[in-house]
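Source file: run22.cif (mmCIF, C-alpha atoms and all ligand atoms)
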```cif
data_input
#
loop_
_atom_site.label_atom_id
_atom_site.label_comp_id
_atom_site.auth_asym_id
_atom_site.auth_seq_id
_atom_site.Cartn_x
_atom_site.Cartn_y
_atom_site.Cartn_z
CA MET V 254 -16.14 -16.28 10.80
CA LYS V 255 -14.68 -13.42 12.85
CA SER V 256 -16.77 -10.32 13.53
CA PRO V 257 -15.51 -6.90 12.34
CA PHE V 258 -14.81 -6.05 15.99
CA GLU V 259 -12.71 -9.20 16.48
CA ILE V 260 -10.65 -8.45 13.35
CA LYS V 261 -10.09 -4.82 14.43
CA LYS V 262 -9.09 -6.03 17.91
CA GLU V 263 -6.57 -8.47 16.43
CA ILE V 264 -5.04 -5.64 14.38
CA CYS V 265 -4.66 -3.59 17.57
CA GLU V 266 -3.10 -6.56 19.39
CA VAL V 267 -0.56 -7.13 16.63
CA GLY V 268 0.22 -3.38 16.58
CA HIS V 269 0.86 -3.55 20.33
CA LYS V 270 3.16 -6.56 19.93
CA LEU V 271 5.15 -4.77 17.18
CA TRP V 272 5.60 -1.81 19.52
CA LEU V 273 6.45 -3.97 22.57
CA LYS V 274 9.12 -5.83 20.61
CA GLY V 275 10.68 -2.55 19.46
CA PHE V 276 9.85 -3.23 15.80
CA VAL V 277 8.31 0.27 15.46
CA ALA V 278 9.05 3.74 16.87
CA ALA V 279 6.79 6.81 16.87
CA ASN V 280 4.13 6.20 14.20
CA ASP V 281 6.16 3.60 12.25
CA GLY V 282 4.55 0.59 10.67
CA ASN V 283 1.13 -0.35 9.37
CA ILE V 284 -1.12 -3.42 9.30
CA SER V 285 -3.96 -4.51 7.03
CA VAL V 286 -6.37 -7.43 6.80
CA LYS V 287 -8.46 -8.51 3.81
CA ILE V 288 -12.17 -9.01 4.48
CA ASN V 289 -13.17 -9.74 0.87
CA ASP V 290 -12.00 -8.66 -2.61
CA HIS V 291 -13.44 -5.17 -2.14
CA GLU V 292 -13.03 -4.46 1.58
CA TYR V 293 -9.96 -4.31 3.80
CA TYR V 294 -9.21 -3.08 7.32
CA CYS V 295 -6.04 -1.06 7.89
CA THR V 296 -4.34 1.02 10.54
CA PRO V 297 -4.71 4.80 10.41
CA THR V 298 -1.82 7.04 9.39
CA GLY V 299 0.33 8.86 11.90
CA VAL V 300 -0.49 6.98 15.12
CA SER V 301 1.57 4.76 17.40
CA LYS V 302 0.84 1.11 16.69
CA GLY V 303 1.31 0.52 20.42
CA SER V 304 -1.88 2.31 21.43
CA LEU V 305 -4.40 1.45 18.72
CA THR V 306 -8.05 0.88 19.65
CA PRO V 307 -10.64 -0.89 17.45
CA ASP V 308 -12.51 2.37 16.74
CA MET V 309 -9.36 3.75 15.07
CA ILE V 310 -9.23 1.02 12.41
CA ILE V 311 -10.20 2.15 8.89
CA LYS V 312 -12.07 0.23 6.20
CA VAL V 313 -10.81 0.83 2.64
CA ASP V 314 -11.70 -0.52 -0.81
CA GLU V 315 -9.35 -2.37 -3.18
CA ASN V 316 -7.92 0.99 -4.34
CA GLY V 317 -7.12 2.05 -0.78
CA LYS V 318 -9.98 4.57 -0.73
CA LYS V 319 -11.56 5.09 2.70
CA LEU V 320 -15.00 3.49 3.15
CA GLU V 321 -15.36 3.81 6.94
CA GLY V 322 -13.48 5.39 9.84
CA LYS V 323 -12.74 8.66 11.54
CA LEU V 324 -9.03 8.84 10.74
CA ASN V 325 -7.22 8.53 7.40
CA PRO V 326 -5.78 5.24 6.13
CA SER V 327 -2.07 4.46 6.33
CA SER V 328 0.08 6.44 3.89
CA GLU V 329 1.50 3.06 2.77
CA ILE V 330 -1.86 1.59 1.77
CA LYS V 331 -0.71 1.35 -1.89
CA MET V 332 2.03 -1.06 -0.79
CA HIS V 333 -0.55 -3.27 0.97
CA MET V 334 -2.91 -3.17 -2.00
CA ARG V 335 -0.14 -4.23 -4.40
CA VAL V 336 0.34 -7.36 -2.30
CA TYR V 337 -3.39 -8.23 -2.30
CA GLN V 338 -3.61 -7.53 -6.03
CA LYS V 339 -0.73 -9.87 -6.89
CA ARG V 340 -1.16 -12.51 -4.17
CA PRO V 341 -4.76 -13.71 -3.79
CA ASP V 342 -3.54 -16.22 -1.17
CA VAL V 343 -2.61 -13.37 1.20
CA THR V 344 -5.14 -12.01 3.70
CA ALA V 345 -2.87 -9.99 5.99
CA VAL V 346 0.09 -7.64 5.54
CA VAL V 347 2.40 -6.25 8.24
CA HIS V 348 4.94 -3.47 7.78
CA ALA V 349 7.43 -2.58 10.54
CA HIS V 350 10.97 -1.31 11.04
CA PRO V 351 12.64 -4.18 12.96
CA PRO V 352 16.02 -2.66 13.84
CA VAL V 353 18.51 -5.44 13.14
CA ALA V 354 16.93 -6.66 9.89
CA THR V 355 16.64 -3.03 8.76
CA ALA V 356 20.31 -2.44 9.67
CA PHE V 357 21.28 -5.24 7.24
CA THR V 358 19.77 -3.16 4.41
CA VAL V 359 21.55 -0.03 5.63
CA ALA V 360 24.85 -1.92 5.70
CA ASP V 361 24.01 -3.35 2.26
CA ILE V 362 24.35 -6.94 3.54
CA ASP V 363 21.82 -9.43 2.18
CA LEU V 364 19.83 -11.45 4.69
CA ASP V 365 20.42 -14.61 2.70
CA GLN V 366 22.44 -16.87 4.98
CA TYR V 367 20.84 -20.20 5.80
CA ILE V 368 21.71 -20.47 9.47
CA LEU V 369 18.60 -21.55 11.41
CA PRO V 370 16.34 -24.48 10.44
CA GLU V 371 13.13 -22.67 11.50
CA ALA V 372 13.98 -19.65 9.36
CA VAL V 373 14.94 -21.85 6.41
CA LEU V 374 11.62 -23.71 6.72
CA THR V 375 9.42 -20.66 7.05
CA ILE V 376 11.00 -17.78 5.13
CA GLY V 377 14.18 -18.80 3.29
CA ASN V 378 16.31 -15.88 2.16
CA VAL V 379 14.76 -12.44 2.53
CA PRO V 380 15.20 -10.26 -0.56
CA THR V 381 16.10 -6.58 -0.26
CA CYS V 382 13.81 -4.46 -2.43
CA ASP V 383 15.11 -1.27 -4.03
CA TYR V 384 14.82 1.91 -2.02
CA GLY V 385 11.63 3.88 -2.58
CA THR V 386 10.10 7.05 -1.16
CA PRO V 387 7.52 6.09 1.48
CA SER V 388 3.87 6.48 0.40
CA THR V 389 4.74 6.61 -3.35
CA MET V 390 4.34 3.87 -5.96
CA GLU V 391 8.11 3.37 -5.78
CA ILE V 392 7.66 1.01 -2.83
CA PRO V 393 4.91 -1.21 -4.31
CA ASP V 394 6.94 -1.33 -7.57
CA SER V 395 10.06 -2.38 -5.67
CA LEU V 396 8.21 -5.46 -4.33
CA ASP V 397 7.17 -6.72 -7.75
CA PRO V 398 10.25 -8.83 -8.61
CA TYR V 399 9.92 -10.83 -5.37
CA LEU V 400 6.21 -11.00 -4.57
CA GLN V 401 5.46 -14.42 -6.07
CA ASN V 402 8.20 -16.34 -4.26
CA HIS V 403 8.50 -14.76 -0.84
CA ASP V 404 6.41 -13.93 2.23
CA ALA V 405 9.06 -11.62 3.72
CA PHE V 406 10.76 -8.61 2.14
CA LEU V 407 13.30 -6.07 3.33
CA LEU V 408 12.76 -2.49 2.16
CA ARG V 409 16.15 -0.88 1.62
CA ASN V 410 17.03 1.78 4.25
CA HIS V 411 13.46 1.55 5.54
CA GLY V 412 12.14 -1.64 7.15
CA ALA V 413 10.43 -4.94 6.42
CA LEU V 414 7.16 -6.19 4.99
CA THR V 415 5.62 -9.59 5.71
CA VAL V 416 2.49 -11.29 4.42
CA GLY V 417 0.40 -14.28 5.41
CA CYS V 418 -2.80 -16.26 5.03
CA ASN V 419 -3.86 -14.72 8.35
CA LEU V 420 -2.67 -11.88 10.58
CA ASN V 421 -0.93 -14.09 13.14
CA LYS V 422 1.05 -15.76 10.38
CA ALA V 423 2.13 -12.41 8.89
CA PHE V 424 3.23 -11.27 12.37
CA PHE V 425 5.13 -14.52 13.01
CA VAL V 426 7.00 -14.05 9.73
CA MET V 427 8.00 -10.54 10.89
CA GLU V 428 9.26 -12.00 14.20
CA GLU V 429 11.19 -14.69 12.33
CA VAL V 430 12.84 -12.14 10.01
CA GLU V 431 14.12 -10.08 12.95
CA PHE V 432 15.13 -13.11 15.05
CA ASN V 433 17.08 -14.56 12.12
CA ALA V 434 18.78 -11.18 11.58
CA VAL V 435 19.68 -10.91 15.28
CA ILE V 436 21.29 -14.40 15.35
CA CYS V 437 23.10 -13.70 12.09
CA LYS V 438 24.44 -10.41 13.50
CA HIS V 439 25.59 -12.15 16.73
CA ALA V 440 27.38 -14.84 14.70
CA MET V 441 29.04 -12.15 12.56
CA ASP V 442 30.14 -10.34 15.73
CA LEU V 443 31.56 -13.62 17.06
CA GLY V 444 33.55 -13.95 13.87
CA ALA V 445 32.01 -16.91 12.00
CA VAL V 446 28.75 -17.66 10.21
CA HIS V 447 28.48 -21.36 9.37
CA GLU V 448 25.55 -22.08 7.11
CA ILE V 449 23.47 -25.27 7.06
CA SER V 450 24.83 -27.67 4.41
CA ASN V 451 23.09 -28.09 1.05
CA ASP V 452 22.12 -31.70 1.91
CA GLN V 453 20.46 -30.54 5.12
CA LEU V 454 18.78 -27.65 3.29
CA LYS V 455 17.24 -30.12 0.87
CA LYS V 456 15.87 -32.14 3.80
CA LEU V 457 14.30 -28.96 5.20
CA MET V 458 12.63 -28.24 1.87
CA ASP V 459 11.28 -31.82 1.80
CA LEU V 460 10.02 -31.31 5.34
CA ARG V 461 8.31 -28.05 4.31
CA LYS V 462 6.48 -29.91 1.56
CA ALA V 463 5.52 -32.76 3.92
CA MET V 464 4.23 -30.27 6.50
CA ASN V 465 2.29 -28.49 3.77
CA LEU V 466 3.22 -25.12 5.21
CA PRO V 467 1.17 -22.23 3.82
CA GLY V 468 2.63 -19.24 1.99
CA ARG V 469 5.38 -18.83 -0.57
CA HIS V 470 9.02 -19.81 -0.18
CA PRO V 471 11.98 -19.05 -2.48
CA GLY V 472 13.21 -22.66 -2.26
CA ILE V 473 10.02 -24.12 -3.78
CA ASP V 474 9.26 -24.22 -7.48
CA TYR V 475 5.55 -23.40 -7.69
CA GLY V 476 5.26 -23.67 -11.47
CA GLU V 477 3.32 -21.08 -13.41
CA GLU V 478 -0.14 -22.36 -12.47
CA GLU V 479 0.25 -21.70 -8.78
CA CYS V 480 1.79 -18.27 -9.25
CA CYS V 481 -0.70 -15.48 -9.50
CA GLY V 482 0.43 -13.53 -12.54
CA SER V 483 -1.67 -11.13 -14.57
CA LYS V 484 -4.63 -12.45 -16.58
CA ASP V 485 -2.64 -11.94 -19.79
CA GLN V 486 0.25 -13.90 -18.36
CA LEU V 487 -2.06 -16.74 -17.29
CA VAL V 488 -3.62 -16.88 -20.77
CA ALA V 489 -0.12 -16.94 -22.29
CA ASP V 490 0.90 -19.77 -19.94
CA ILE V 491 -2.20 -21.84 -20.70
CA THR V 492 -1.70 -21.29 -24.44
CA ARG V 493 1.93 -22.38 -24.14
CA LYS V 494 0.91 -25.54 -22.23
CA VAL V 495 -1.79 -26.45 -24.75
CA LEU V 496 0.67 -25.96 -27.63
CA ALA V 497 3.26 -28.07 -25.78
CA ALA V 498 0.66 -30.82 -25.24
CA LEU V 499 -0.10 -30.75 -28.95
CA GLY V 500 3.65 -31.05 -29.63
CA LYS V 501 3.93 -27.61 -31.28
P1 LIG V 601 1.62 5.44 8.40
O1 LIG V 601 1.53 5.98 9.80
O2 LIG V 601 1.06 6.40 7.37
O3 LIG V 601 1.03 4.08 8.29
O4 LIG V 601 3.18 5.33 8.01
C1 LIG V 601 4.09 4.71 8.85
C2 LIG V 601 5.28 4.18 8.13
O5 LIG V 601 5.93 3.29 8.63
C3 LIG V 601 5.65 4.72 6.81
O6 LIG V 601 6.59 3.86 6.20
#
```
For the structure just supplied, provide its representation as structure tokens.
Ligand code: 13P
Amino acid sequence: MKSPFEIKKEICEVGHKLWLKGFVAANDGNISVKINDHEYYCTPTGVSKGSLTPDMIIKVDENGKKLEGKLNPSSEIKMHMRVYQKRPDVTAVVHAHPPVATAFTVADIDLDQYILPEAVLTIGNVPTCDYGTPSTMEIPDSLDPYLQNHDAFLLRNHGALTVGCNLNKAFFVMEEVEFNAVICKHAMDLGAVHEISNDQLKKLMDLRKAMNLPGRHPGIDYGEEECCGSKDQLVADITRKVLAALGK
């Protein structure tokens, strides 16, 4: 198990990579990591993610309330907490403003073209969530329709959010989103975007299953049991299955 210091250091390293790659400007972006159901580490608000140090990382509870740290937690902590609430499989969340992927939302062009096998395997199409005012519940609410079937989300006129079963994975998804957007933009500039055929897409989905890749993907049918709905929804699903088994 990683020590608190190691986790905080990893958050700083990922922040630095986001900054180096130009995925954030000024104090853009935020990162969080789940420690257990009641404790999470997150980046502080209003600082460059390129120059974070472990002592700046904040510990918050499941409501985003500060438990430890000198600075204040990210203003977008509610967005992170919504992910952890609805996706128990997720232990890390990364928010950044990767320029090309974000430009797709500004141009109102969906990032839903299946052009690269790696991107098809790992993220599939990336949904664009409705615009929301940063730091309000509008952003967490805008994620809701897509949270169960995706690990990558575009935030309209704002940026991107990626999630993963560890911090490296969440960062890799962010890289993949931007790389896919860059290639798509180059192909559009060159005048033609040829997508991978449906037959080949099916083979990629079979490969994803065979590789047992972690995370959620829009091309996979998880069935109700594997999706993490509310308790009421789970009870309703179980009741429906029992009734179906009884032939009612
Ligand atoms: P914080 O500095 O509060 O994390 O906010 C940065 C940001 O990107 C807001 O969307």
Can you check which parts of range 388-434 of chain V lie within 9 Å of range 321-336 of chain V? Per residue, the shortest pair of atoms and distance in Å to one decimal, counting all atoms listed in the file, sorted by chain and number, as a Markdown table.
```
| residue | atom | partner | partner_atom | distance |
| --- | --- | --- | --- | --- |
| V:Ser388 | CA | V:Glu329 | CA | 4.8 |
| V:Thr389 | CA | V:Lys331 | CA | 7.7 |
| V:Met390 | CA | V:Lys331 | CA | 7.0 |
| V:Ile392 | CA | V:Met332 | CA | 6.3 |
| V:Pro393 | CA | V:Met332 | CA | 4.6 |
| V:Asp394 | CA | V:Arg335 | CA | 8.3 |
| V:Leu396 | CA | V:Val336 | CA | 8.3 |
| V:Asp397 | CA | V:Arg335 | CA | 8.4 |
| V:Leu400 | CA | V:Val336 | CA | 7.3 |
| V:Val416 | CA | V:Val336 | CA | 8.1 |
```
Counting all atoms listed in the file, give me one row per residue of chain V with an atom at most 7 Å from an atom of ligand LIG 601 (chain V), showing the shortest contact pair and its distance in Å to one decimal, sorted by chain then residue number, as JSON lines.
```
{"residue": "V:Asn280", "atom": "CA", "partner": "V:LIG601", "partner_atom": "O1", "distance": 5.1}
{"residue": "V:Asp281", "atom": "CA", "partner": "V:LIG601", "partner_atom": "O5", "distance": 3.6}
{"residue": "V:Gly282", "atom": "CA", "partner": "V:LIG601", "partner_atom": "O5", "distance": 3.7}
{"residue": "V:Asn283", "atom": "CA", "partner": "V:LIG601", "partner_atom": "O3", "distance": 4.6}
{"residue": "V:Thr296", "atom": "CA", "partner": "V:LIG601", "partner_atom": "O3", "distance": 6.6}
{"residue": "V:Pro297", "atom": "CA", "partner": "V:LIG601", "partner_atom": "O3", "distance": 6.2}
{"residue": "V:Thr298", "atom": "CA", "partner": "V:LIG601", "partner_atom": "O1", "distance": 3.5}
{"residue": "V:Gly299", "atom": "CA", "partner": "V:LIG601", "partner_atom": "O1", "distance": 3.8}
{"residue": "V:Val300", "atom": "CA", "partner": "V:LIG601", "partner_atom": "O1", "distance": 5.8}
{"residue": "V:Ser327", "atom": "CA", "partner": "V:LIG601", "partner_atom": "O3", "distance": 3.7}
{"residue": "V:Ser328", "atom": "CA", "partner": "V:LIG601", "partner_atom": "O2", "distance": 3.6}
{"residue": "V:Glu329", "atom": "CA", "partner": "V:LIG601", "partner_atom": "O3", "distance": 5.6}
{"residue": "V:His348", "atom": "CA", "partner": "V:LIG601", "partner_atom": "O5", "distance": 6.9}
{"residue": "V:Ala349", "atom": "CA", "partner": "V:LIG601", "partner_atom": "O5", "distance": 6.4}
{"residue": "V:Pro387", "atom": "CA", "partner": "V:LIG601", "partner_atom": "O6", "distance": 5.3}
{"residue": "V:Ser388", "atom": "CA", "partner": "V:LIG601", "partner_atom": "C3", "distance": 6.9}
```
**Study point:** Atom pair CA of Glu391 in chain V / CA of Gly317 in chain V: separation (Å)
**Key:** 16.1 Å
Review point. Neighbours of range 452-458 of chain V within 12 Å (only C-alpha atoms; same-chain residues fewer than 5 positions away dropped), as a VMD selection string?
Key: chain V and resid 366 to 377 463 to 466 470 to 474
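Ranking V:Leu420, V:Cys437, V:Ile449, V:Ala356 by their shortest atom-to-atom distance to Ile284 in chain V, with only C-alpha atoms included, puts V:Leu420 first.
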Review point. Looking at V:Lys287, V:His403, V:His447, V:Arg469, which one is nearest to Ile260 in chain V, with distances taken over only C-alpha atoms?
Key: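 Ranking V:Lys287, V:His403, V:His447, V:Arg469 by distance to Ile260 in chain V, first place goes to V:Lys287.
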Review point. Can you tell me, as a count of residues only, what residues are no more than 8 Å from Ala423 in chain V when counting all atoms listed in the file, ignoring any on the same chain fewer than 6 positions away?
Key: 6
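Across V:Phe432, V:Gln401, V:Ala278, V:Asp365, the tightest approach to Glu448 in chain V is made by V:Asp365 when counting all atoms listed in the file.
Computed from the coordinates, the CA of Val267 in chain V to CA of Thr344 in chain V distance equals 14.6 Å.
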**Study point:** From V:Ser256, V:Ser304, V:Thr358, V:Gln338, residue lying nearest Tyr384 in chain V [only C-alpha atoms]
**Key:** V:Thr358
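The two atoms in question, CA of Glu315 in chain V and CA of Phe276 in chain V, are spaced 27.0 Å apart.
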Exercise for review: Rank V:Ala413, V:Ile310, V:Ala440, V:Leu320 by their smallest atom-to-atom distance to Glu263 in chain V, using only C-alpha atoms, and report the top residue only.
Suggested key: V:Ile310
Determine, counting all atoms listed in the file, every residue of protein, DNA or RNA that lies within 7 Å of (12.6, -4.6, 16.2) in the file coordinates, then give the result as a PDB file with C-alpha atoms, keeping the file's coordinate frame.
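File written: out24.pdb
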```pdb
ATOM      1  CA  LYS V 274       9.120  -5.830  20.610  1.00  0.00           C
ATOM      2  CA  GLY V 275      10.680  -2.550  19.460  1.00  0.00           C
ATOM      3  CA  PHE V 276       9.850  -3.230  15.800  1.00  0.00           C
ATOM      4  CA  VAL V 277       8.310   0.270  15.460  1.00  0.00           C
ATOM      5  CA  HIS V 350      10.970  -1.310  11.040  1.00  0.00           C
ATOM      6  CA  PRO V 351      12.640  -4.180  12.960  1.00  0.00           C
ATOM      7  CA  PRO V 352      16.020  -2.660  13.840  1.00  0.00           C
ATOM      8  CA  VAL V 353      18.510  -5.440  13.140  1.00  0.00           C
ATOM      9  CA  GLU V 431      14.120 -10.080  12.950  1.00  0.00           C
TER      10      GLU V 431
END
```
Practice item. Within 9 Å of Pro380 in chain V, counting all atoms listed in the file, which residues show up once you throw out same-chain ones fewer than 5 positions away? Write them as a PyMOL selection string, please. Key: chain V and resi 363-365+399+403+405-408
Check your understanding: Of the candidates V:Lys339, V:Asn402, V:Ala354, V:Thr381, which one gets nearest to Glu428 in chain V if we count only C-alpha atoms?
Key ->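 Using only C-alpha atoms, the shortest distance to Glu428 in chain V belongs to V:Ala354.
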Give me range 402-413 of chain V from this structure - all heavy atoms, as a PDB file, in the first residue's frame.
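File written: result15.pdb
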```pdb
ATOM      1  N   ASN V 402     -21.159   4.738 -18.213  1.00  0.00           N
ATOM      2  CA  ASN V 402     -20.641   4.063 -19.416  1.00  0.00           C
ATOM      3  C   ASN V 402     -19.382   4.654 -20.009  1.00  0.00           C
ATOM      4  O   ASN V 402     -18.967   4.253 -21.101  1.00  0.00           O
ATOM      5  CB  ASN V 402     -21.727   4.028 -20.501  1.00  0.00           C
ATOM      6  CG  ASN V 402     -22.824   3.067 -20.126  1.00  0.00           C
ATOM      7  OD1 ASN V 402     -22.607   1.861 -20.077  1.00  0.00           O
ATOM      8  ND2 ASN V 402     -23.974   3.600 -19.790  1.00  0.00           N
ATOM      9  N   HIS V 403     -18.809   5.625 -19.325  1.00  0.00           N
ATOM     10  CA  HIS V 403     -17.621   6.290 -19.883  1.00  0.00           C
ATOM     11  C   HIS V 403     -16.595   6.541 -18.778  1.00  0.00           C
ATOM     12  O   HIS V 403     -16.961   6.717 -17.613  1.00  0.00           O
ATOM     13  CB  HIS V 403     -17.991   7.647 -20.495  1.00  0.00           C
ATOM     14  CG  HIS V 403     -18.930   7.550 -21.647  1.00  0.00           C
ATOM     15  ND1 HIS V 403     -18.491   7.558 -22.955  1.00  0.00           N
ATOM     16  CD2 HIS V 403     -20.277   7.446 -21.700  1.00  0.00           C
ATOM     17  CE1 HIS V 403     -19.546   7.460 -23.761  1.00  0.00           C
ATOM     18  NE2 HIS V 403     -20.638   7.392 -23.033  1.00  0.00           N
ATOM     19  N   ASP V 404     -15.313   6.617 -19.215  1.00  0.00           N
ATOM     20  CA  ASP V 404     -14.239   7.051 -18.310  1.00  0.00           C
ATOM     21  C   ASP V 404     -13.705   8.421 -18.717  1.00  0.00           C
ATOM     22  O   ASP V 404     -12.817   8.959 -18.063  1.00  0.00           O
ATOM     23  CB  ASP V 404     -13.075   6.040 -18.331  1.00  0.00           C
ATOM     24  CG  ASP V 404     -13.397   4.800 -17.508  1.00  0.00           C
ATOM     25  OD1 ASP V 404     -14.463   4.772 -16.845  1.00  0.00           O
ATOM     26  OD2 ASP V 404     -12.589   3.851 -17.532  1.00  0.00           O
ATOM     27  N   ALA V 405     -14.206   8.955 -19.836  1.00  0.00           N
ATOM     28  CA  ALA V 405     -13.747  10.272 -20.315  1.00  0.00           C
ATOM     29  C   ALA V 405     -14.953  11.111 -20.711  1.00  0.00           C
ATOM     30  O   ALA V 405     -15.890  10.595 -21.344  1.00  0.00           O
ATOM     31  CB  ALA V 405     -12.829  10.086 -21.523  1.00  0.00           C
ATOM     32  N   PHE V 406     -14.924  12.376 -20.343  1.00  0.00           N
ATOM     33  CA  PHE V 406     -16.055  13.279 -20.578  1.00  0.00           C
ATOM     34  C   PHE V 406     -15.512  14.622 -21.026  1.00  0.00           C
ATOM     35  O   PHE V 406     -14.524  15.112 -20.458  1.00  0.00           O
ATOM     36  CB  PHE V 406     -16.849  13.498 -19.274  1.00  0.00           C
ATOM     37  CG  PHE V 406     -17.088  12.219 -18.507  1.00  0.00           C
ATOM     38  CD1 PHE V 406     -16.114  11.730 -17.629  1.00  0.00           C
ATOM     39  CD2 PHE V 406     -18.253  11.495 -18.686  1.00  0.00           C
ATOM     40  CE1 PHE V 406     -16.300  10.527 -16.948  1.00  0.00           C
ATOM     41  CE2 PHE V 406     -18.450  10.297 -18.006  1.00  0.00           C
ATOM     42  CZ  PHE V 406     -17.472   9.818 -17.132  1.00  0.00           C
ATOM     43  N   LEU V 407     -16.184  15.239 -22.002  1.00  0.00           N
ATOM     44  CA  LEU V 407     -15.855  16.627 -22.344  1.00  0.00           C
ATOM     45  C   LEU V 407     -16.856  17.520 -21.634  1.00  0.00           C
ATOM     46  O   LEU V 407     -18.054  17.185 -21.572  1.00  0.00           O
ATOM     47  CB  LEU V 407     -15.931  16.839 -23.853  1.00  0.00           C
ATOM     48  CG  LEU V 407     -14.853  16.125 -24.680  1.00  0.00           C
ATOM     49  CD1 LEU V 407     -15.108  16.322 -26.174  1.00  0.00           C
ATOM     50  CD2 LEU V 407     -13.469  16.623 -24.311  1.00  0.00           C
ATOM     51  N   LEU V 408     -16.386  18.631 -21.103  1.00  0.00           N
ATOM     52  CA  LEU V 408     -17.265  19.601 -20.446  1.00  0.00           C
ATOM     53  C   LEU V 408     -17.407  20.763 -21.417  1.00  0.00           C
ATOM     54  O   LEU V 408     -16.399  21.410 -21.767  1.00  0.00           O
ATOM     55  CB  LEU V 408     -16.654  20.073 -19.121  1.00  0.00           C
ATOM     56  CG  LEU V 408     -16.182  18.978 -18.153  1.00  0.00           C
ATOM     57  CD1 LEU V 408     -15.593  19.612 -16.894  1.00  0.00           C
ATOM     58  CD2 LEU V 408     -17.319  18.035 -17.789  1.00  0.00           C
ATOM     59  N   ARG V 409     -18.615  21.011 -21.869  1.00  0.00           N
ATOM     60  CA  ARG V 409     -18.831  21.986 -22.945  1.00  0.00           C
ATOM     61  C   ARG V 409     -18.239  23.359 -22.613  1.00  0.00           C
ATOM     62  O   ARG V 409     -18.448  23.887 -21.521  1.00  0.00           O
ATOM     63  CB  ARG V 409     -20.336  22.113 -23.235  1.00  0.00           C
ATOM     64  CG  ARG V 409     -20.639  22.939 -24.468  1.00  0.00           C
ATOM     65  CD  ARG V 409     -22.120  22.965 -24.776  1.00  0.00           C
ATOM     66  NE  ARG V 409     -22.647  21.679 -25.218  1.00  0.00           N
ATOM     67  CZ  ARG V 409     -22.453  21.143 -26.429  1.00  0.00           C
ATOM     68  NH1 ARG V 409     -21.733  21.794 -27.327  1.00  0.00           N
ATOM     69  NH2 ARG V 409     -22.969  19.973 -26.739  1.00  0.00           N
ATOM     70  N   ASN V 410     -17.487  23.913 -23.575  1.00  0.00           N
ATOM     71  CA  ASN V 410     -16.848  25.241 -23.421  1.00  0.00           C
ATOM     72  C   ASN V 410     -16.005  25.347 -22.155  1.00  0.00           C
ATOM     73  O   ASN V 410     -15.917  26.415 -21.540  1.00  0.00           O
ATOM     74  CB  ASN V 410     -17.910  26.360 -23.413  1.00  0.00           C
ATOM     75  CG  ASN V 410     -18.520  26.565 -24.775  1.00  0.00           C
ATOM     76  OD1 ASN V 410     -19.228  25.690 -25.272  1.00  0.00           O
ATOM     77  ND2 ASN V 410     -18.255  27.691 -25.387  1.00  0.00           N
ATOM     78  N   HIS V 411     -15.411  24.226 -21.736  1.00  0.00           N
ATOM     79  CA  HIS V 411     -14.677  24.243 -20.465  1.00  0.00           C
ATOM     80  C   HIS V 411     -13.439  23.348 -20.505  1.00  0.00           C
ATOM     81  O   HIS V 411     -12.323  23.843 -20.400  1.00  0.00           O
ATOM     82  CB  HIS V 411     -15.659  23.823 -19.349  1.00  0.00           C
ATOM     83  CG  HIS V 411     -15.065  23.812 -17.983  1.00  0.00           C
ATOM     84  ND1 HIS V 411     -15.835  23.742 -16.842  1.00  0.00           N
ATOM     85  CD2 HIS V 411     -13.798  23.840 -17.540  1.00  0.00           C
ATOM     86  CE1 HIS V 411     -15.064  23.756 -15.777  1.00  0.00           C
ATOM     87  NE2 HIS V 411     -13.813  23.804 -16.177  1.00  0.00           N
ATOM     88  N   GLY V 412     -13.598  22.045 -20.677  1.00  0.00           N
ATOM     89  CA  GLY V 412     -12.417  21.178 -20.616  1.00  0.00           C
ATOM     90  C   GLY V 412     -12.806  19.712 -20.665  1.00  0.00           C
ATOM     91  O   GLY V 412     -13.779  19.339 -21.312  1.00  0.00           O
ATOM     92  N   ALA V 413     -12.047  18.892 -19.941  1.00  0.00           N
ATOM     93  CA  ALA V 413     -12.295  17.448 -19.952  1.00  0.00           C
ATOM     94  C   ALA V 413     -12.133  16.882 -18.554  1.00  0.00           C
ATOM     95  O   ALA V 413     -11.429  17.457 -17.707  1.00  0.00           O
ATOM     96  CB  ALA V 413     -11.327  16.759 -20.910  1.00  0.00           C
TER      97      ALA V 413
END
```
